[in-house]
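Chemist: Input file: final24.tsv. Contents: TSV, C-alpha atoms and all ligand atoms.
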chain	number	residue	atom	x	y	z
A	1	MET	CA	136.40	60.98	94.69
A	2	ILE	CA	135.08	58.80	97.47
A	3	SER	CA	136.59	57.24	100.57
A	4	ILE	CA	138.46	54.00	99.74
A	5	ARG	CA	139.67	52.19	102.83
A	6	LEU	CA	140.50	48.65	101.84
A	7	LYS	CA	144.27	48.83	101.77
A	8	ASN	CA	146.19	47.45	104.75
A	9	PHE	CA	149.11	49.86	105.00
A	10	GLN	CA	151.09	47.39	107.12
A	11	ASN	CA	150.86	44.59	104.59
A	12	SER	CA	152.83	45.57	101.47
A	13	PRO	CA	152.86	43.34	98.39
A	14	ALA	CA	156.01	41.18	98.57
A	15	ARG	CA	157.42	42.90	95.47
A	16	LEU	CA	157.69	46.20	97.34
A	17	VAL	CA	159.61	44.83	100.31
A	18	ASP	CA	161.85	42.24	98.63
A	19	VAL	CA	165.63	42.60	98.43
A	20	THR	CA	165.51	44.34	95.05
A	21	SER	CA	163.07	46.92	96.38
A	22	ILE	CA	165.14	47.52	99.52
A	23	ASP	CA	168.30	47.95	97.44
A	24	GLN	CA	166.48	50.45	95.24
A	25	ILE	CA	165.32	52.46	98.23
A	26	TYR	CA	168.84	52.51	99.70
A	27	ARG	CA	170.19	53.76	96.40
A	28	ALA	CA	167.42	56.37	96.25
A	29	CYS	CA	168.32	57.51	99.78
A	30	ARG	CA	172.02	57.62	98.96
A	31	GLU	CA	171.53	59.63	95.78
A	32	LYS	CA	168.38	61.44	96.90
A	33	VAL	CA	166.69	60.54	93.62
A	34	GLY	CA	163.39	58.69	93.53
A	35	SER	CA	163.55	57.83	89.84
A	36	VAL	CA	166.08	55.06	90.53
A	37	CYS	CA	163.05	53.10	91.73
A	38	ASN	CA	161.12	53.33	88.48
A	39	GLY	CA	159.55	50.02	87.72
A	40	LEU	CA	158.82	47.80	90.72
A	41	TYR	CA	155.64	49.58	91.74
A	42	ARG	CA	154.19	48.98	88.28
A	43	ASP	CA	154.31	45.23	88.88
A	44	GLU	CA	150.97	43.45	88.45
A	45	THR	CA	151.10	42.23	92.06
A	46	VAL	CA	150.96	45.89	93.06
A	47	ARG	CA	148.52	47.06	90.37
A	48	GLU	CA	145.99	44.26	90.84
A	49	PRO	CA	145.10	45.08	94.47
A	50	LEU	CA	144.95	48.80	93.61
A	51	LYS	CA	142.54	47.97	90.78
A	52	ALA	CA	140.44	45.87	93.16
A	53	TYR	CA	140.30	48.52	95.88
A	54	SER	CA	139.30	51.15	93.33
A	55	VAL	CA	136.00	49.32	92.78
A	56	GLY	CA	135.44	48.38	96.41
A	57	ARG	CA	136.70	44.78	96.25
A	58	SER	CA	139.54	42.98	97.96
A	59	VAL	CA	140.29	40.88	94.86
A	60	PHE	CA	140.10	42.27	91.35
A	61	ASP	CA	137.09	41.09	89.39
A	62	ASN	CA	137.75	41.21	85.65
A	63	SER	CA	134.09	41.89	84.96
A	64	LEU	CA	134.57	45.37	86.45
A	65	GLU	CA	136.63	48.25	85.17
A	66	PRO	CA	139.09	49.71	87.68
A	67	LYS	CA	138.72	53.42	88.45
A	68	CYS	CA	140.90	56.44	88.94
A	69	TYR	CA	141.12	57.03	92.72
A	70	PHE	CA	140.75	60.78	92.16
A	71	CYS	CA	138.20	61.48	89.41
A	72	GLU	CA	136.54	58.02	89.42
A	73	SER	CA	136.71	57.58	85.65
A	74	ALA	CA	136.53	53.87	84.86
A	75	GLY	CA	138.78	51.90	82.55
A	76	GLU	CA	140.60	54.13	80.11
A	77	ALA	CA	137.83	56.72	79.75
A	78	MET	CA	140.23	59.49	80.79
A	79	GLY	CA	143.47	57.84	79.72
A	80	LYS	CA	145.33	54.80	80.88
A	81	LEU	CA	145.30	54.10	84.61
A	82	GLU	CA	148.75	54.52	86.12
A	83	VAL	CA	150.31	53.91	89.52
A	84	GLU	CA	150.47	57.33	91.12
A	85	HIS	CA	152.75	58.43	93.97
A	86	PHE	CA	150.64	60.49	96.35
A	87	ARG	CA	153.80	62.16	97.61
A	88	PRO	CA	155.89	62.79	94.48
A	89	LYS	CA	159.06	60.69	94.45
A	90	ASP	CA	161.26	62.92	92.26
A	91	GLU	CA	160.66	66.58	93.02
A	92	VAL	CA	158.10	68.77	94.76
A	93	HIS	CA	156.51	72.00	93.68
A	94	ALA	CA	154.51	73.92	96.26
A	95	ASP	CA	154.03	77.50	97.38
A	96	ASP	CA	155.41	76.86	100.86
A	97	LEU	CA	158.83	76.04	99.36
A	98	ASP	CA	161.16	78.95	98.81
A	99	PRO	CA	162.17	79.14	95.11
A	100	ASN	CA	165.81	78.72	96.20
A	101	GLU	CA	164.95	75.90	98.51
A	102	GLU	CA	165.06	72.53	96.84
A	103	HIS	CA	163.00	69.50	97.66
A	104	SER	CA	164.37	66.33	96.13
A	105	GLY	CA	161.01	64.66	96.29
A	106	TYR	CA	159.93	61.96	98.70
A	107	TYR	CA	162.48	59.57	97.20
A	108	TRP	CA	162.29	57.18	100.16
A	109	LEU	CA	158.59	56.65	99.47
A	110	ALA	CA	159.08	55.54	95.85
A	111	ASN	CA	158.17	51.93	96.68
A	112	GLU	CA	156.06	52.68	99.73
A	113	TRP	CA	152.76	50.79	99.55
A	114	SER	CA	150.71	53.38	101.40
A	115	ASN	CA	151.98	56.10	99.04
A	116	LEU	CA	150.63	54.40	95.90
A	117	LEU	CA	147.24	55.06	94.33
A	118	LEU	CA	145.75	54.36	90.91
A	119	ALA	CA	145.14	57.45	88.76
A	120	CYS	CA	144.12	58.19	85.21
A	121	ARG	CA	146.70	59.87	83.03
A	122	GLY	CA	144.79	63.18	83.24
A	123	CYS	CA	144.77	63.33	87.05
A	124	ASN	CA	148.33	62.01	87.27
A	125	ASN	CA	149.64	64.64	84.85
A	126	HIS	CA	147.75	67.51	86.46
A	127	LYS	CA	148.96	66.58	89.92
A	128	GLY	CA	152.51	65.93	88.70
A	129	SER	CA	155.00	67.05	91.34
A	130	ARG	CA	152.60	69.44	93.05
A	131	PHE	CA	152.20	68.65	96.72
A	132	PRO	CA	151.16	71.63	98.85
A	133	ILE	CA	150.97	71.27	102.61
A	134	GLU	CA	149.81	73.42	105.51
A	135	GLY	CA	152.13	71.98	108.17
A	136	VAL	CA	155.79	71.04	108.57
A	137	ARG	CA	157.52	69.74	105.43
A	138	VAL	CA	159.47	66.46	105.68
A	139	LYS	CA	162.46	66.71	103.35
A	140	HIS	CA	164.80	63.84	103.98
A	141	HIS	CA	164.95	60.38	105.31
A	142	GLN	CA	167.85	58.29	106.54
A	143	PRO	CA	167.58	54.52	106.49
A	144	VAL	CA	168.55	53.14	109.86
A	145	ARG	CA	170.09	49.82	109.04
A	146	TYR	CA	171.33	48.35	105.79
A	147	ARG	CA	168.96	45.84	104.20
A	148	THR	CA	166.23	46.56	106.69
A	149	LEU	CA	163.49	48.73	105.36
A	150	ASN	CA	162.31	51.08	108.06
A	151	ARG	CA	158.72	51.72	107.06
A	152	VAL	CA	157.66	53.00	110.46
A	153	ASP	CA	158.21	56.63	109.53
A	154	SER	CA	157.25	56.13	105.88
A	155	ILE	CA	153.70	54.86	106.19
A	156	ILE	CA	151.31	57.57	105.12
A	157	ASP	CA	149.61	57.92	108.49
A	158	CYS	CA	152.80	58.12	110.56
A	159	GLN	CA	153.15	61.16	112.80
A	160	ALA	CA	155.72	63.09	110.73
A	161	LEU	CA	153.78	62.75	107.48
A	162	LEU	CA	150.44	63.53	109.11
A	163	GLU	CA	151.99	66.67	110.57
A	164	GLU	CA	152.70	67.89	107.06
A	165	LEU	CA	148.92	68.49	106.80
A	166	HIS	CA	148.72	67.53	103.13
A	167	VAL	CA	146.26	69.52	101.07
A	168	VAL	CA	145.30	67.28	98.12
A	169	LEU	CA	142.70	64.81	99.35
A	170	ASN	CA	143.81	61.21	99.64
A	171	PRO	CA	140.82	58.85	99.37
A	172	GLU	CA	142.54	56.29	101.60
A	173	ILE	CA	143.02	58.53	104.61
A	174	ASP	CA	140.75	61.53	104.08
A	175	ILE	CA	136.99	61.57	103.67
A	176	PRO	CA	136.47	63.29	100.29
A	177	GLU	CA	132.71	63.23	100.83
A	178	ASN	CA	133.22	65.94	103.49
A	179	HIS	CA	135.02	68.22	101.05
A	180	LEU	CA	133.52	67.80	97.58
A	181	THR	CA	130.09	68.25	96.07
A	182	PHE	CA	128.47	69.30	92.76
A	183	ASP	CA	126.01	71.77	91.33
A	184	TYR	CA	122.85	70.40	89.73
A	185	LEU	CA	124.44	70.47	86.27
A	186	GLY	CA	127.34	68.24	87.25
A	187	GLN	CA	130.15	70.69	87.91
A	188	ILE	CA	132.25	69.80	90.94
A	189	GLU	CA	132.71	72.31	93.76
A	190	PRO	CA	134.05	72.43	97.31
A	191	LEU	CA	131.60	71.45	100.04
A	192	ASN	CA	131.08	74.10	102.75
A	193	ASP	CA	133.99	76.17	101.38
A	194	SER	CA	136.45	73.38	102.15
A	195	MET	CA	139.99	74.59	101.41
A	196	GLN	CA	141.15	71.02	100.76
A	197	GLY	CA	138.21	70.50	98.43
A	198	GLU	CA	138.96	73.69	96.54
A	199	GLU	CA	142.68	72.98	96.20
A	200	THR	CA	142.10	69.36	95.18
A	201	ILE	CA	139.68	70.44	92.46
A	202	GLU	CA	142.17	73.03	91.23
A	203	ILE	CA	145.29	70.86	91.30
A	204	LEU	CA	143.69	67.81	89.70
A	205	LYS	CA	141.51	69.98	87.43
A	206	LEU	CA	138.49	67.97	88.45
A	207	TYR	CA	136.34	70.56	86.66
A	208	ARG	CA	137.95	69.66	83.32
A	209	ASP	CA	135.61	69.40	80.41
A	210	PRO	CA	135.79	65.63	79.67
A	211	LEU	CA	134.87	64.88	83.30
A	212	PHE	CA	132.06	67.42	83.30
A	213	ARG	CA	130.71	65.92	80.06
A	214	ALA	CA	130.93	62.38	81.42
A	215	ARG	CA	128.89	63.39	84.47
A	216	THR	CA	126.28	65.33	82.50
A	217	LYS	CA	125.92	62.39	80.08
A	218	ILE	CA	124.82	60.17	82.97
A	219	LEU	CA	122.33	62.79	84.16
A	220	ASN	CA	120.98	63.59	80.69
A	221	GLU	CA	120.39	59.94	79.82
A	222	PHE	CA	118.26	59.47	82.92
A	223	LYS	CA	116.35	62.70	82.29
A	224	SER	CA	115.80	61.81	78.65
A	225	ASP	CA	114.49	58.32	79.53
A	226	LEU	CA	112.07	59.82	82.05
A	227	LYS	CA	110.90	62.49	79.60
A	228	THR	CA	110.23	59.96	76.84
A	229	TRP	CA	107.81	58.09	79.07
A	230	VAL	CA	106.21	61.24	80.49
A	231	ASP	CA	105.50	62.30	76.90
A	232	TYR	CA	104.04	58.87	76.06
A	233	HIS	CA	101.81	59.19	79.09
A	234	ALA	CA	100.66	62.68	78.06
A	235	LEU	CA	99.75	61.30	74.63
A	236	GLY	CA	97.74	58.48	76.21
A	237	ARG	CA	100.10	55.81	74.86
A	238	THR	CA	100.81	54.36	78.29
A	239	ASP	CA	98.86	54.24	81.56
A	240	ASP	CA	99.80	54.95	85.20
A	241	ALA	CA	100.48	51.29	86.01
A	242	ASN	CA	102.91	50.85	83.15
A	243	LEU	CA	104.54	54.18	83.89
A	244	ARG	CA	105.16	52.99	87.45
A	245	LEU	CA	106.92	49.87	86.14
A	246	VAL	CA	109.07	51.82	83.70
A	247	PHE	CA	109.97	54.40	86.34
A	248	PHE	CA	110.93	51.57	88.69
A	249	GLU	CA	113.42	50.23	86.13
A	250	ILE	CA	114.90	53.69	85.48
A	251	SER	CA	115.05	54.35	89.24
A	252	LYS	CA	116.93	51.08	89.81
A	253	ARG	CA	119.59	52.30	87.38
A	254	ILE	CA	119.77	55.65	89.19
A	255	VAL	CA	120.09	53.96	92.59
A	256	SER	CA	122.81	51.62	91.25
A	257	ARG	CA	125.00	54.67	90.50
A	258	LYS	CA	125.69	54.86	94.27
A	259	ARG	CA	127.75	51.67	94.11
A	260	VAL	CA	131.52	51.95	94.55
A	261	SER	CA	131.99	49.76	91.46
A	262	MET	CA	130.34	52.36	89.20
A	263	ALA	CA	132.20	55.20	87.52
A	264	TYR	CA	131.68	58.60	89.19
A	265	THR	CA	130.16	57.22	92.41
A	266	LEU	CA	130.29	60.58	94.21
A	267	TRP	CA	128.22	62.11	91.41
A	268	GLY	CA	125.87	59.11	91.48
A	269	ARG	CA	125.35	59.60	95.20
A	270	PHE	CA	124.69	63.29	94.64
A	271	LEU	CA	121.99	62.44	92.05
A	272	ASN	CA	120.34	60.16	94.59
A	273	THR	CA	120.63	62.54	97.55
A	274	ASN	CA	119.07	65.29	95.46
A	275	PHE	CA	116.66	63.05	93.54
A	276	GLU	CA	113.59	65.16	94.26
A	277	GLN	CA	115.18	68.41	93.10
A	278	ILE	CA	116.94	66.94	90.08
A	279	PHE	CA	114.37	64.52	88.69
A	280	VAL	CA	110.96	65.16	90.24
A	281	VAL	CA	110.13	68.84	90.66
A	282	ASP	CA	110.10	69.69	86.95
A	283	LEU	CA	107.64	66.92	86.06
A	284	PRO	CA	103.87	67.49	85.72
A	285	GLY	CA	102.07	67.35	89.08
A	286	ASN	CA	100.17	64.15	88.25
A	287	ILE	CA	103.41	62.33	87.38
A	288	GLN	CA	105.46	63.32	90.42
A	289	PRO	CA	103.87	60.90	92.95
A	290	ILE	CA	104.33	58.00	90.51
A	291	LEU	CA	108.06	58.69	90.16
A	292	ARG	CA	108.48	59.25	93.91
A	293	GLN	CA	106.89	55.90	94.69
A	294	ALA	CA	108.86	54.07	91.98
A	295	TYR	CA	112.10	55.54	93.31
A	296	GLN	CA	111.29	54.50	96.89
A	297	ASP	CA	110.58	50.98	95.62
A	298	ALA	CA	113.94	50.96	93.81
A	299	VAL	CA	115.75	52.08	96.99
A	300	THR	CA	114.06	49.26	98.92
A	301	PHE	CA	114.95	46.80	96.16
A	302	GLU	CA	118.63	47.84	96.24
A	303	LEU	CA	118.73	47.58	100.04
A	304	ALA	CA	117.30	44.06	99.84
A	305	LEU	CA	119.95	43.15	97.26
A	306	ASN	CA	122.71	44.36	99.55
A	307	ILE	CA	121.36	42.38	102.49
A	308	ILE	CA	121.28	39.19	100.40
A	401	ZN	ZN	141.39	60.69	87.16
Written as structure tokens, that's how I'd like the structure from this file.

Modeler:
Amino acid sequence: MISIRLKNFQNSPARLVDVTSIDQIYRACREKVGSVCNGLYRDETVREPLKAYSVGRSVFDNSLEPKCYFCESAGEAMGKLEVEHFRPKDEVHADDLDPNEEHSGYYWLANEWSNLLLACRGCNNHKGSRFPIEGVRVKHHQPVRYRTLNRVDSIIDCQALLEELHVVLNPEIDIPENHLTFDYLGQIEPLNDSMQGEETIEILKLYRDPLFRARTKILNEFKSDLKTWVDYHALGRTDDANLRLVFFEISKRIVSRKRVSMAYTLWGRFLNTNFEQIFVVDLPGNIQPILRQAYQDAVTFELALNII
């Protein structure tokens, strides 16, 4: 999960603030049931910008695969991407709620733009109606005037909702990079004992096996490519100059994993931040300076690309 800050909370897609949407929200508020709103938020005019933001663009580019906001799986690698309600619209399960105390869900946020994210089926199912908080729970909402949608106290960063102190990280308002990291094998873990990091990993099951395997596959492919050429070099089938060129190409691919448009960007950034420890230290001493230099050249190359 990485920080994604492209959405303008104030500027909802027209579909979410049209008369049909407002009528749905009024019915949801009357009946205290969010499911009466099923449908509108799945509209392409809502999904398209979410897809675009997920890969760091303001307009969706069909050449890229949209990503899950939570686990960063691209396309349908971890199941179909669905529109996810950050605050559940139908019911809430959390330890702070007394078993006898009901929460009807954040029904008034069913069509709320700032409450919508894109999530793979795995993350969406694991999160489900779980929404733990550390602060003061908001339970109900009264519309103020018929046919006027009062979004002021519904936008995700409004005072009342912020005071809930939500636990699961939201990539649009939190900075996941301050809460999540990995071990060198690719397993995710909380950064600096972050409680939010730990709870987010647990609730979304970000340690689940398919995700772990997807991350290790990226790492192992890079390591295997490097090893192949180190072996060639040891056998005298390639020289230092050629090795430098090959390492430069492999390094460019490693550096490119930092891009928002790539799957598992947070993991890609971790591989780059810890490049020396992960890729260099285990190589023979005469090879290490060649890889170090090639990687530095690749970093410079990527920087130049970004400037252009
Ligand atoms: Zn996911």

Chemist: What lies within 12 Å of A:Tyr184 using all atoms listed in the file, ignoring chain neighbours under 3 positions off, as a short mmCIF file (atom, residue, chain, number, x, y, z; two decimals) with C-alpha atoms, keeping the file's coordinate frame?

Modeler:
data_model
loop_
_atom_site.label_atom_id
_atom_site.label_comp_id
_atom_site.auth_asym_id
_atom_site.auth_seq_id
_atom_site.Cartn_x
_atom_site.Cartn_y
_atom_site.Cartn_z
CA THR A 181 130.09 68.25 96.07
CA GLN A 187 130.15 70.69 87.91
CA ILE A 188 132.25 69.80 90.94
CA GLU A 189 132.71 72.31 93.76
CA PHE A 212 132.06 67.42 83.30
CA ARG A 215 128.89 63.39 84.47
CA THR A 216 126.28 65.33 82.50
CA LEU A 219 122.33 62.79 84.16
CA ASN A 220 120.98 63.59 80.69
CA TRP A 267 128.22 62.11 91.41
CA GLY A 268 125.87 59.11 91.48
CA PHE A 270 124.69 63.29 94.64
CA LEU A 271 121.99 62.44 92.05
CA ASN A 272 120.34 60.16 94.59
CA THR A 273 120.63 62.54 97.55
CA ASN A 274 119.07 65.29 95.46
CA PHE A 275 116.66 63.05 93.54
CA GLU A 276 113.59 65.16 94.26
CA GLN A 277 115.18 68.41 93.10
CA ILE A 278 116.94 66.94 90.08
CA PHE A 279 114.37 64.52 88.69
#

Chemist: Kindly provide, as a PyMOL selection string, all nucleotide and amino acid residues lying within 7 Å of ligand ZN 401 (chain A), counting all atoms listed in the file.

Modeler: chain A and resi 68-73+78+119-123

Chemist: Take the selection from the previous step and output its residues with C-alpha atoms, as a PDB file, in the coordinates of the input.

Modeler:
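Wrote it out as selection.pdb, contents follow:
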ATOM      1  CA  CYS A  68     140.900  56.440  88.940  1.00  0.00           C
ATOM      2  CA  TYR A  69     141.120  57.030  92.720  1.00  0.00           C
ATOM      3  CA  PHE A  70     140.750  60.780  92.160  1.00  0.00           C
ATOM      4  CA  CYS A  71     138.200  61.480  89.410  1.00  0.00           C
ATOM      5  CA  GLU A  72     136.540  58.020  89.420  1.00  0.00           C
ATOM      6  CA  SER A  73     136.710  57.580  85.650  1.00  0.00           C
ATOM      7  CA  MET A  78     140.230  59.490  80.790  1.00  0.00           C
ATOM      8  CA  ALA A 119     145.140  57.450  88.760  1.00  0.00           C
ATOM      9  CA  CYS A 120     144.120  58.190  85.210  1.00  0.00           C
ATOM     10  CA  ARG A 121     146.700  59.870  83.030  1.00  0.00           C
ATOM     11  CA  GLY A 122     144.790  63.180  83.240  1.00  0.00           C
ATOM     12  CA  CYS A 123     144.770  63.330  87.050  1.00  0.00           C
TER      13      CYS A 123
END

Chemist: Considering only C-alpha atoms, state which residue in the set A:Glu163, A:Glu82, A:Glu101, A:Asp282 is at the smallest distance from A:Arg47.

Modeler: A:Glu82

Chemist: Need the shell around stretch 125-132 of chain A: protein/DNA/RNA residues with any atom at most 10 Å away, counting all atoms listed in the file. Skip same-chain ones fewer than 3 positions apart. Format as a PDB file with C-alpha atoms, in the frame of the given file?

Modeler:
ATOM      1  CA  GLU A  84     150.470  57.330  91.120  1.00  0.00           C
ATOM      2  CA  HIS A  85     152.750  58.430  93.970  1.00  0.00           C
ATOM      3  CA  PHE A  86     150.640  60.490  96.350  1.00  0.00           C
ATOM      4  CA  ARG A  87     153.800  62.160  97.610  1.00  0.00           C
ATOM      5  CA  PRO A  88     155.890  62.790  94.480  1.00  0.00           C
ATOM      6  CA  LYS A  89     159.060  60.690  94.450  1.00  0.00           C
ATOM      7  CA  ASP A  90     161.260  62.920  92.260  1.00  0.00           C
ATOM      8  CA  GLU A  91     160.660  66.580  93.020  1.00  0.00           C
ATOM      9  CA  VAL A  92     158.100  68.770  94.760  1.00  0.00           C
ATOM     10  CA  HIS A  93     156.510  72.000  93.680  1.00  0.00           C
ATOM     11  CA  ALA A  94     154.510  73.920  96.260  1.00  0.00           C
ATOM     12  CA  ASP A  95     154.030  77.500  97.380  1.00  0.00           C
ATOM     13  CA  ASP A  96     155.410  76.860 100.860  1.00  0.00           C
ATOM     14  CA  LEU A  97     158.830  76.040  99.360  1.00  0.00           C
ATOM     15  CA  GLY A 105     161.010  64.660  96.290  1.00  0.00           C
ATOM     16  CA  ALA A 119     145.140  57.450  88.760  1.00  0.00           C
ATOM     17  CA  CYS A 120     144.120  58.190  85.210  1.00  0.00           C
ATOM     18  CA  ARG A 121     146.700  59.870  83.030  1.00  0.00           C
ATOM     19  CA  GLY A 122     144.790  63.180  83.240  1.00  0.00           C
ATOM     20  CA  GLY A 135     152.130  71.980 108.170  1.00  0.00           C
ATOM     21  CA  ARG A 137     157.520  69.740 105.430  1.00  0.00           C
ATOM     22  CA  GLU A 164     152.700  67.890 107.060  1.00  0.00           C
ATOM     23  CA  LEU A 165     148.920  68.490 106.800  1.00  0.00           C
ATOM     24  CA  HIS A 166     148.720  67.530 103.130  1.00  0.00           C
ATOM     25  CA  VAL A 167     146.260  69.520 101.070  1.00  0.00           C
ATOM     26  CA  VAL A 168     145.300  67.280  98.120  1.00  0.00           C
ATOM     27  CA  GLU A 199     142.680  72.980  96.200  1.00  0.00           C
ATOM     28  CA  THR A 200     142.100  69.360  95.180  1.00  0.00           C
ATOM     29  CA  GLU A 202     142.170  73.030  91.230  1.00  0.00           C
ATOM     30  CA  ILE A 203     145.290  70.860  91.300  1.00  0.00           C
ATOM     31  CA  LEU A 204     143.690  67.810  89.700  1.00  0.00           C
ATOM     32  CA  LYS A 205     141.510  69.980  87.430  1.00  0.00           C
ATOM     33  CA  LEU A 206     138.490  67.970  88.450  1.00  0.00           C
TER      34      LEU A 206
END

Chemist: Quick one: distance from atom CA of A:Arg244 to atom CA of A:Leu291 in Å, one decimal?

Modeler: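 We find that atom CA of A:Arg244 and atom CA of A:Leu291 lie 6.9 Å from each other.
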
Chemist: So which one's closest to A:Asp23, A:Phe182, A:Trp108, A:Ala52, A:Glu44? Using all atoms listed in the file, please.

Modeler: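 For A:Asp23, the nearest of the given residues is A:Trp108.
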
Chemist: Find the residues near A:Ala298: any atom within 9 Å, counting all atoms listed in the file, skip ones fewer than 5 places away on the same chain, and give them as a list in words.

Modeler: Phe248, Glu249, Ile250, Ser251, Lys252, Arg253, Ile254, Val255, Gln293 and Leu303 of chain A

Chemist: Measuring atom to atom with only C-alpha atoms, identify which of A:Pro289, A:Gly236, A:Pro284, A:Pro66 is nearest to A:Leu118.

Modeler: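 The answer is A:Pro66, which sits nearest to A:Leu118.
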
Chemist: Can you measure atom CA of A:Leu305 to atom CA of A:Lys258 for me? One decimal in Å is fine.

Modeler: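 Result for atom CA of A:Leu305 versus atom CA of A:Lys258: 13.4 Å, one decimal.
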
Chemist: Could you check the closest approach to A:Gly56 for each of A:Gly197, A:Gly34, A:Val260, A:Asp239 and tell me which residue wins, using only C-alpha atoms?

Modeler: A:Val260

Chemist: So which residues touch A:Leu116 within 12 Å, counting all atoms listed in the file, skipping near sequence neighbours fewer than 6 positions away, as a PyMOL selection string?

Modeler: chain A and resi 7+9+12-13+16+40-42+46-47+49-51+53+69+82-89+109-110+124+155-156+170-172

Chemist: Would you work out the distance separating atom CA of A:Asn306 from atom CA of A:Ala241, expressed in Å to one decimal?

Modeler: 26.9 Å

Chemist: Which of these residues is nearest to A:Phe60, using only C-alpha atoms: A:Phe247, A:Gln296, A:Ser261, A:Phe222?

Modeler: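 Counting only C-alpha atoms, the residue closest to A:Phe60 is A:Ser261.
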